[in-house]
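This is coords03.tsv (TSV, C-alpha atoms).
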```tsv
chain	number	residue	atom	x	y	z
A	10	MET	CA	67.16	-70.88	190.26
A	11	PHE	CA	64.36	-70.02	187.82
A	12	ALA	CA	61.83	-71.80	190.01
A	13	GLY	CA	63.08	-69.90	193.02
A	14	LEU	CA	62.64	-66.61	191.16
A	15	ILE	CA	58.95	-67.46	190.34
A	16	ALA	CA	58.28	-68.29	193.99
A	17	VAL	CA	59.71	-64.92	195.05
A	18	ILE	CA	57.54	-63.11	192.47
A	19	VAL	CA	54.37	-64.94	193.58
A	20	THR	CA	55.12	-64.20	197.20
A	21	LEU	CA	55.62	-60.48	196.53
A	22	THR	CA	52.41	-60.37	194.43
A	23	MET	CA	50.34	-61.97	197.19
A	24	ILE	CA	51.69	-59.44	199.64
A	25	ILE	CA	50.86	-56.51	197.36
A	26	ALA	CA	47.62	-57.63	195.64
A	27	GLY	CA	46.30	-59.97	198.26
A	28	PRO	CA	45.63	-63.72	198.14
A	29	ALA	CA	42.09	-63.31	196.78
A	30	THR	CA	43.28	-61.44	193.70
A	31	VAL	CA	45.96	-63.98	192.93
A	32	ALA	CA	43.51	-66.82	193.42
A	33	SER	CA	41.11	-65.24	190.95
A	34	TRP	CA	43.78	-65.29	188.24
A	35	PHE	CA	43.82	-69.07	188.50
A	36	GLY	CA	40.05	-69.55	188.27
A	37	ALA	CA	39.35	-69.52	192.00
A	38	GLY	CA	36.78	-67.13	193.44
A	39	LYS	CA	34.22	-67.94	190.72
A	40	ALA	CA	31.71	-69.29	193.17
A	41	SER	CA	28.19	-67.83	193.36
A	42	SER	CA	28.01	-64.24	194.55
A	43	GLN	CA	25.19	-65.37	196.90
A	44	PRO	CA	26.67	-65.17	200.40
A	45	SER	CA	26.79	-68.44	202.25
A	46	VAL	CA	24.35	-68.43	205.12
A	47	PRO	CA	24.43	-71.25	207.69
A	48	GLY	CA	21.37	-73.47	207.76
A	49	GLY	CA	20.33	-72.75	204.16
A	50	SER	CA	18.55	-69.46	204.99
A	51	ALA	CA	19.27	-67.99	201.57
A	52	ALA	CA	17.40	-70.82	199.85
A	53	THR	CA	14.51	-70.44	202.31
A	54	GLU	CA	14.22	-66.70	201.67
A	55	LYS	CA	14.13	-67.29	197.93
A	56	SER	CA	11.35	-69.83	198.34
A	57	GLU	CA	9.32	-67.38	200.45
A	58	ASP	CA	9.74	-64.69	197.78
A	59	GLU	CA	8.51	-67.09	195.11
A	60	ASP	CA	5.50	-68.01	197.25
A	61	SER	CA	4.62	-64.32	197.72
A	62	ALA	CA	4.86	-63.69	193.99
A	63	THR	CA	2.63	-66.71	193.33
A	64	GLN	CA	0.05	-65.52	195.85
A	65	GLU	CA	-0.04	-62.05	194.29
A	66	ASN	CA	-0.78	-63.55	190.86
A	67	VAL	CA	-3.68	-65.68	192.14
A	68	GLN	CA	-6.99	-63.85	191.62
A	69	PRO	CA	-9.87	-64.59	194.02
A	70	GLU	CA	-12.76	-66.48	192.47
A	71	PRO	CA	-15.82	-64.28	191.77
A	72	LEU	CA	-18.78	-64.85	194.05
A	73	LYS	CA	-21.41	-67.06	192.45
A	74	PRO	CA	-25.04	-65.93	192.23
A	75	GLY	CA	-27.46	-67.54	194.67
A	76	PRO	CA	-30.91	-66.91	196.10
A	77	CYS	CA	-31.70	-63.33	197.12
A	78	LEU	CA	-31.50	-63.70	200.88
A	79	PRO	CA	-33.69	-61.64	203.24
A	80	GLY	CA	-32.33	-58.14	203.64
A	81	LYS	CA	-30.67	-58.07	200.21
A	82	LEU	CA	-33.77	-56.80	198.40
A	83	ALA	CA	-35.68	-53.55	198.91
A	84	VAL	CA	-39.30	-53.21	197.79
A	85	GLU	CA	-41.17	-49.95	197.16
A	86	ALA	CA	-44.89	-49.37	196.62
A	87	VAL	CA	-45.76	-47.26	193.55
A	88	THR	CA	-48.96	-45.51	192.37
A	89	ASP	CA	-49.44	-43.51	189.19
A	90	ALA	CA	-50.84	-40.49	191.09
A	91	GLU	CA	-51.29	-39.05	194.56
A	92	GLU	CA	-54.96	-38.08	194.12
A	93	TYR	CA	-57.80	-39.66	192.16
A	94	GLY	CA	-61.06	-38.10	191.07
A	95	PRO	CA	-64.42	-39.93	191.29
A	96	ASP	CA	-63.95	-41.72	187.96
A	97	ALA	CA	-60.22	-42.51	188.22
A	98	TYR	CA	-58.87	-45.91	189.21
A	99	PRO	CA	-55.46	-46.17	190.92
A	100	GLU	CA	-52.77	-48.01	188.99
A	101	LEU	CA	-50.58	-49.94	191.40
A	102	SER	CA	-47.12	-51.43	190.92
A	103	LEU	CA	-43.97	-52.13	192.88
A	104	ARG	CA	-40.23	-51.69	192.46
A	105	VAL	CA	-37.68	-54.19	193.73
A	106	THR	CA	-33.96	-53.45	194.00
A	107	ASN	CA	-31.01	-55.76	194.63
A	108	HIS	CA	-28.84	-53.97	197.21
A	109	SER	CA	-26.28	-56.76	197.56
A	110	GLU	CA	-22.84	-56.74	195.90
A	111	VAL	CA	-23.48	-59.88	193.87
A	112	ALA	CA	-26.18	-61.08	191.50
A	113	CYS	CA	-28.95	-63.13	193.06
A	114	ASP	CA	-32.06	-65.01	191.97
A	115	ALA	CA	-35.53	-63.94	193.13
A	116	ASP	CA	-39.00	-65.26	192.37
A	117	LEU	CA	-40.78	-62.17	191.02
A	118	GLY	CA	-43.87	-64.01	189.86
A	119	THR	CA	-47.44	-63.41	190.97
A	120	ALA	CA	-47.08	-66.33	193.40
A	121	THR	CA	-44.98	-64.12	195.70
A	122	MET	CA	-46.62	-60.76	194.85
A	123	VAL	CA	-49.09	-59.08	197.20
A	124	PHE	CA	-50.76	-55.64	197.07
A	125	GLU	CA	-52.66	-54.37	200.11
A	126	ILE	CA	-54.63	-51.16	200.56
A	127	LYS	CA	-55.35	-49.89	204.05
A	128	SER	CA	-56.91	-46.83	205.62
A	129	GLY	CA	-55.73	-46.49	209.16
A	130	GLU	CA	-55.57	-50.02	210.57
A	131	GLU	CA	-58.40	-51.32	208.37
A	132	LEU	CA	-57.54	-53.53	205.42
A	133	TYR	CA	-59.83	-52.62	202.49
A	134	TRP	CA	-58.34	-54.57	199.60
A	135	LYS	CA	-55.82	-57.38	199.04
A	136	SER	CA	-54.75	-58.59	195.61
A	137	THR	CA	-54.63	-62.27	196.59
A	138	ASP	CA	-58.22	-62.39	197.89
A	139	CYS	CA	-59.63	-63.13	194.46
A	140	GLN	CA	-56.49	-63.99	192.49
A	141	ALA	CA	-57.53	-66.54	189.88
A	142	GLU	CA	-54.11	-68.05	189.29
A	143	SER	CA	-50.48	-67.44	190.19
A	144	SER	CA	-47.14	-68.24	188.63
A	145	LYS	CA	-43.47	-68.31	189.50
A	146	ASN	CA	-40.93	-66.20	187.64
A	147	LEU	CA	-37.31	-66.71	188.71
A	148	VAL	CA	-35.30	-63.63	187.77
A	149	ARG	CA	-31.55	-63.05	188.14
A	150	MET	CA	-31.03	-59.55	189.51
A	151	GLU	CA	-27.66	-57.89	189.03
A	152	PRO	CA	-26.10	-55.82	191.86
A	153	GLY	CA	-27.93	-52.50	192.15
A	154	GLN	CA	-30.54	-53.45	189.56
A	155	THR	CA	-34.12	-52.18	189.98
A	156	LEU	CA	-37.14	-53.81	188.33
A	157	GLU	CA	-40.79	-52.68	188.28
A	158	THR	CA	-43.82	-54.93	187.93
A	159	ASP	CA	-46.71	-54.54	185.54
A	160	VAL	CA	-49.60	-52.34	186.63
A	161	VAL	CA	-52.47	-53.68	188.74
A	162	VAL	CA	-55.66	-51.58	188.53
A	163	TRP	CA	-57.72	-51.23	191.70
A	164	ASP	CA	-61.45	-50.82	191.11
A	165	ARG	CA	-61.94	-48.95	194.41
A	166	THR	CA	-63.91	-51.78	196.04
A	167	ARG	CA	-63.52	-53.78	199.22
A	168	SER	CA	-62.20	-57.29	198.81
A	169	ALA	CA	-62.58	-60.56	200.71
A	170	PRO	CA	-62.14	-64.18	199.61
A	171	ASP	CA	-65.90	-64.78	199.89
A	172	THR	CA	-66.91	-61.83	197.65
A	173	CYS	CA	-65.11	-62.77	194.46
A	174	ASP	CA	-68.26	-63.70	192.56
A	175	ASP	CA	-70.40	-60.92	193.96
A	176	GLU	CA	-70.65	-57.21	193.33
A	177	ARG	CA	-68.43	-55.63	195.92
A	178	ASP	CA	-68.97	-52.45	197.88
A	179	LYS	CA	-67.19	-49.25	196.93
A	180	VAL	CA	-64.77	-47.86	199.49
A	181	PRO	CA	-65.27	-44.39	201.02
A	182	ALA	CA	-63.99	-41.48	198.94
A	183	ALA	CA	-64.52	-37.70	199.37
A	184	GLY	CA	-60.84	-37.15	200.14
A	185	SER	CA	-60.28	-40.36	202.09
A	186	SER	CA	-56.62	-41.30	202.59
A	187	TYR	CA	-55.35	-44.76	201.68
A	188	HIS	CA	-51.97	-46.49	201.89
A	189	LEU	CA	-50.52	-49.07	199.53
A	190	ILE	CA	-48.29	-51.79	201.00
A	191	VAL	CA	-46.58	-54.33	198.74
A	192	GLU	CA	-44.63	-57.56	199.03
A	193	ILE	CA	-42.65	-59.74	196.65
A	194	ALA	CA	-40.06	-62.52	197.00
A	195	GLU	CA	-40.84	-62.71	200.74
A	196	THR	CA	-39.79	-59.05	201.12
A	197	ARG	CA	-42.29	-56.46	202.33
A	198	SER	CA	-42.09	-52.74	201.62
A	199	GLN	CA	-40.84	-50.83	204.65
A	200	ASN	CA	-42.77	-47.68	203.73
A	201	THR	CA	-46.28	-47.21	202.37
A	202	ARG	CA	-47.46	-45.16	199.41
A	203	GLN	CA	-50.22	-42.71	200.41
A	204	PHE	CA	-52.92	-41.48	198.03
A	205	LEU	CA	-56.33	-39.79	198.22
A	206	LEU	CA	-59.67	-40.80	196.71
A	207	TYR	CA	-62.34	-38.22	195.79
```
Can you give me the file's structure in the form of structure tokens?
Amino acid sequence: MFAGLIAVIVTLTMIIAGPATVASWFGAGKASSQPSVPGGSAATEKSEDEDSATQENVQPEPLKPGPCLPGKLAVEAVTDAEEYGPDAYPELSLRVTNHSEVACDADLGTATMVFEIKSGEELYWKSTDCQAESSKNLVRMEPGQTLETDVVVWDRTRSAPDTCDDERDKVPAAGSSYHLIVEIAETRSQNTRQFLLY
């Protein structure tokens, strides 16, 4: 009779509270709250989330410096004045700028350096015509960095490889216009630097 009474109570409780509630009293219903998805999709989604998180934490490797490729450098001709009197000698130099987004290595030695002075289409003077010796100078240039060479003084004479040991002729003055063109690290200046000789 006592057992029958318990059965009646359990039956009434299941009707009122529901089978799930009764089952939870006896330790059932303690399974993972993760809904069961056929085919193991839940596990797959978790793995994809972990992969995404891993990818977000991986930082790209910085670009390594290399040679300054053509088009990465810009070269500018520089003079110390725009006009020179009869006794003044032009001081020539050049500026080179790394316009790339990474550091690069360029040979900025005299072996790659050229200064030319023209008037119209005529070449009057070239620094390599009588250059006694040349040297290499590998320089690492940071992104956006600009460097300027030492000064080269022009003695206002014509040059040619066969006149190095002779007294050379003076170039025309009296307001004559000249243009400086420069080159370094196989990069030539796109614009010239104009100046006047008196």
- [ ] Quote the spacing between atom CA of Val84 of chain A and atom CA of Val105 of chain A in Å to one decimal place.
- [x] 4.5 Å
- [ ] Taking the point (-39.1, -59.1, 195.0) as given in the file, collect each protein or nucleic acid residue that comes within 8 Å of it, counting all atoms listed in the file, and present the set as a PyMOL selection string.
- [x] chain A and resi 82-84+104-106+115-117+121-122+192-196
What are the centre and edge lengths in Å, to one decimal, of the axis-aligned box around all listed atoms of segment 152-169 of chain A with 4 Å added on each side, as lines of an AutoDock Vina configuration file?
```
center_x = -45.0
center_y = -54.8
center_z = 193.1
size_x = 45.8
size_y = 19.6
size_z = 23.2
```
TODO: Would you mind listing what lies within 10 Å of Gly94 of chain A as number ranges by chain, with all atoms listed in the file counted and same-chain residues fewer than 6 positions away left out?
DONE: A: 182-184, 205-207
Task: Between atom CA of Pro74 of chain A and atom CA of Glu157 of chain A, distance in Å (one decimal) - done: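 Between these atoms lies a distance of 21.0 Å.
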Taking 6 positions as the minimum chain separation for residues in the same chain, which residues sit within 10 Å of Val111 of chain A when counting only C-alpha atoms? Answer as a short mmCIF file (atom, residue, chain, number, x, y, z; two decimals) with C-alpha atoms, keeping the file's coordinate frame.
```cif
data_model
loop_
_atom_site.label_atom_id
_atom_site.label_comp_id
_atom_site.auth_asym_id
_atom_site.auth_seq_id
_atom_site.Cartn_x
_atom_site.Cartn_y
_atom_site.Cartn_z
CA PRO A 71 -15.82 -64.28 191.77
CA LEU A 72 -18.78 -64.85 194.05
CA LYS A 73 -21.41 -67.06 192.45
CA PRO A 74 -25.04 -65.93 192.23
CA GLY A 75 -27.46 -67.54 194.67
CA CYS A 77 -31.70 -63.33 197.12
CA LYS A 81 -30.67 -58.07 200.21
CA MET A 150 -31.03 -59.55 189.51
CA GLU A 151 -27.66 -57.89 189.03
CA PRO A 152 -26.10 -55.82 191.86
CA GLY A 153 -27.93 -52.50 192.15
#
```
- [ ] Have a look at atom CA of Ala169 of chain A and atom CA of Asn200 of chain A and let me know their distance in Å, one decimal.
- [x] 23.8 Å
Open item on the list: Please list, as a PyMOL selection string, the residues that have an atom at most 6 Å away from (-41.5, -52.3, 198.9) in the coordinates of this file, counting all atoms listed in the file.
Closed with: chain A and resi 83-86+191+197-199
Open item on the list: Need to verify the contact set: Ala90 of chain A, 12 Å, all atoms listed in the file, exclusion of same-chain residues closer than 4 positions in sequence. Can you return it as a VMD selection string?
Closed with: chain A and resid 94 97 to 102 202 to 206
Open item on the list: Residues near segment 134-139 of chain A, anyone? I mean within 8 Å using only C-alpha atoms, not counting same-chain ones fewer than 3 positions away, as a ChimeraX atom specification.
Closed with: /A:123-127,166-170,173
Export of the given selection (C-alpha atoms) as a compact mmCIF listing (two decimals), keeping the file's coordinate frame:
```
# COMPACT_ATOMS: atom_id res chain seq x y z
CA VAL A 123 -49.09 -59.08 197.20
CA PHE A 124 -50.76 -55.64 197.07
CA GLU A 125 -52.66 -54.37 200.11
CA ILE A 126 -54.63 -51.16 200.56
CA LYS A 127 -55.35 -49.89 204.05
CA THR A 166 -63.91 -51.78 196.04
CA ARG A 167 -63.52 -53.78 199.22
CA SER A 168 -62.20 -57.29 198.81
CA ALA A 169 -62.58 -60.56 200.71
CA PRO A 170 -62.14 -64.18 199.61
CA CYS A 173 -65.11 -62.77 194.46
```
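The residue that comes closest to Asp114 of chain A, out of A:Ala141, A:Leu147, A:Leu132, A:Leu156 and on the basis of all atoms listed in the file, is A:Leu147.
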- [ ] Check the smallest atom-to-atom distance from each of A:Leu78, A:Val87, A:Val161, A:Ile190 to Thr119 of chain A using all atoms listed in the file, then report the winner.
- [x]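 Between A:Leu78, A:Val87, A:Val161, A:Ile190, the residue approaching Thr119 of chain A most closely is A:Val161.
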Open item on the list: Between A:Thr201, A:Asp171, A:Trp163, A:Ala112, which residue has the minimum interatomic distance to Tyr93 of chain A, considering only C-alpha atoms?
Closed with: A:Trp163
